[in-house]
Amino acid sequence: MIDKKVTTTNMDTLNRFLFDNHPIRGEITRLEQTYQAILDNHNYPIAVQKLLGELLVATSLLTATLKFEGDIAVQLQGDGPLTLAVVNGNNQQELRGVARINSSIADDASLKDMVGNGYIVITITPKNGERYQGIVGLEKDSLIGCIENYFMQSEQLPTRLFVKTGLFEDKLMAAGILLQVLPSNENTTDSFEHLSALTETITSDELFGLSTEEILYRLYHQEEVRFFETHDIIFKCGCSRQRCEDSLMTLPANEIDEILNEDDGKIDIHCDYCGKHYIFDTIDIAQMRKKNHPQYH
């Protein structure tokens, strides 16, 4: 039986759910516009697009596990042609991401082909409290397998992620389900294996096209399941003209002048996340100096 709190037909959403008869929790996230926003203004190879979709879903699901206000960054680094892939999120489900590539990547490239010798860095930064960072080697063949390893090493809670990326009705989508054992004195091995086996049967079309209620019924109609309010997910880049100004004003004056002279009297700061350009000319720089440094008056 599915005990529903809220239903939704919107994509770019996250729902949490609980099993009444098992000490196991879950989350479902589906992404379309947020995924597309991360790919816009970039000509990523197909394999990198797919990896970013998986990273985006994983970060959304991880963000939903935060019990406090704060930020999370899930970052892949290595010595392969994909030198960096990172998705940043927060407890408000505001996400952004970017990849950096230094050579060609085949459409069917594996994680190892892309990243080479590398690792995953998961950084959690509470609004109040100490920053935490976990590092996991790429010991599995897939990104999702590596993140499941992270949970076993750092949280010591059995966790499974089921992630799909691909086209649905001509839209590029990414979606996923997380199952995680709750702290309990019970032996959860059989329950977790049973629910994981059920979840593995979900198809891409079902995950992309069905509502949360329909997915839960499709997978767990013989279980007692409750799901909760829907959280909207959005792409949000933290860049702004003011942040660019603040960054420029940390540079030595002669260095700024050199950049202006080399680039026809303009400084172009480009945001890798959203593709925006912030242009500063000599007049802008002079005004910024007057505002930030009284000696320029």
# chains A, B, ... in the order shown; residues from 1 in each chain; ligands from 1
>>> residues_around(residues="Ser154 in chain A", least_positions_apart="3", cutoff="12 Å", atoms="only C-alpha atoms", output="PyMOL selection string")
chain A and resi 122+132-136+147-151+157-159
>>> residues_around(residues="range 99-111 of chain A", least_positions_apart="6", cutoff="9 Å", atoms="only C-alpha atoms", output="JSON, numbers by chain")
{"A": [44, 45, 46, 47, 48, 51, 52, 80, 81, 82, 83, 84, 85, 86, 87, 138, 141, 142, 143, 272, 273]}
>>> closest_atom_pairs(of="range 133-193 of chain A", to="range 213-223 of chain A", cutoff="12 Å", atoms="only C-alpha atoms", output="JSON lines")
{"residue": "A:Gly176", "atom": "CA", "partner": "A:Ile215", "partner_atom": "CA", "distance": 11.3}
{"residue": "A:Ile177", "atom": "CA", "partner": "A:Ile215", "partner_atom": "CA", "distance": 10.2}
{"residue": "A:Ser191", "atom": "CA", "partner": "A:Glu223", "partner_atom": "CA", "distance": 11.0}
>>> atom_distance(atom1="CA of Arg241 in chain A", atom2="CA of Asp284 in chain A")
11.4 Å
>>> residues_around(residues="Leu167 in chain A", least_positions_apart="3", cutoff="12 Å", atoms="only C-alpha atoms", output="PyMOL selection string")
chain A and resi 31-32+35-36+49-50+53+164+170-175+204-205+207-209
>>> closest_residue(among="A:Ile38, A:Ile234, A:Leu210, A:Leu260", to="Leu248 in chain A", atoms="only C-alpha atoms")
A:Leu260
>>> select_by_dssp(residues="range 1-61 of chain A", states="alpha helix (DSSP H)", output="number ranges by chain")
A: 33-39, 46-61
>>> atom_distance(atom1="CA of Gln242 in chain A", atom2="CA of Ile259 in chain A")
19.1 Å
>>> select_by_dssp(residues="range 92-158 of chain A", states="strand (DSSP E)", output="VMD selection string")
chain A and resid 94 to 101 118 to 126 132 to 137
>>> atom_distance(atom1="CA of Ser247 in chain A", atom2="CA of Asp263 in chain A")
18.1 Å
>>> closest_residue(among="A:Ser60, A:Thr65, A:Asn41, A:Asn117", to="Gly78 in chain A", atoms="only C-alpha atoms")
A:Asn117
>>> closest_residue(among="A:Met249, A:Ile72, A:Ser211, A:Leu182", to="Thr230 in chain A", atoms="only C-alpha atoms")
A:Ser211
>>> residues_around(residues="Gly238 in chain A", least_positions_apart="3", cutoff="10 Å", atoms="only C-alpha atoms", output="ChimeraX atom specification")
/A:94-96,235,243,271,273-274
>>> write_last_selection(atoms="N, CA, C and O atoms", output="short mmCIF file (atom, residue, chain, number, x, y, z; two decimals), in the first residue's frame")
data_model
loop_
_atom_site.label_atom_id
_atom_site.label_comp_id
_atom_site.auth_asym_id
_atom_site.auth_seq_id
_atom_site.Cartn_x
_atom_site.Cartn_y
_atom_site.Cartn_z
N GLU A 94 19.45 23.22 -4.87
CA GLU A 94 19.95 24.10 -5.91
C GLU A 94 21.28 23.52 -6.39
O GLU A 94 22.21 23.35 -5.61
N LEU A 95 21.35 23.19 -7.68
CA LEU A 95 22.47 22.45 -8.21
C LEU A 95 23.13 23.18 -9.37
O LEU A 95 22.49 23.92 -10.11
N ARG A 96 24.42 22.92 -9.54
CA ARG A 96 25.17 23.40 -10.70
C ARG A 96 26.32 22.42 -10.92
O ARG A 96 26.72 21.71 -10.00
N PHE A 235 18.44 24.51 -11.24
CA PHE A 235 19.82 24.90 -11.54
C PHE A 235 20.02 26.31 -11.00
O PHE A 235 19.22 27.21 -11.28
N ARG A 243 30.47 39.45 -7.36
CA ARG A 243 31.51 38.48 -7.01
C ARG A 243 32.73 38.63 -7.91
O ARG A 243 33.87 38.47 -7.45
N CYS A 271 31.92 32.57 -16.69
CA CYS A 271 31.50 31.57 -15.70
C CYS A 271 31.37 30.21 -16.40
O CYS A 271 30.56 30.05 -17.31
N TYR A 273 30.11 27.56 -15.18
CA TYR A 273 28.88 26.86 -14.80
C TYR A 273 27.69 27.25 -15.67
O TYR A 273 26.95 26.39 -16.14
N CYS A 274 27.48 28.56 -15.86
CA CYS A 274 26.28 28.99 -16.58
C CYS A 274 26.57 29.65 -17.92
O CYS A 274 25.64 29.93 -18.69
#
>>> closest_residue(among="A:Ile124, A:Val98, A:Val163, A:Cys237", to="Glu54 in chain A", atoms="only C-alpha atoms")
A:Val163
>>> residues_around(residues="Phe280 in chain A", least_positions_apart="6", cutoff="10 Å", atoms="only C-alpha atoms", output="NGL selection string")
:A and (241 or 244-245 or 248 or 260 or 265-269 or 286 or 288)
>>> closest_residue(among="A:Asn185, A:Asn43, A:Gln92, A:Asn15", to="Leu66 in chain A", atoms="only C-alpha atoms")
A:Gln92
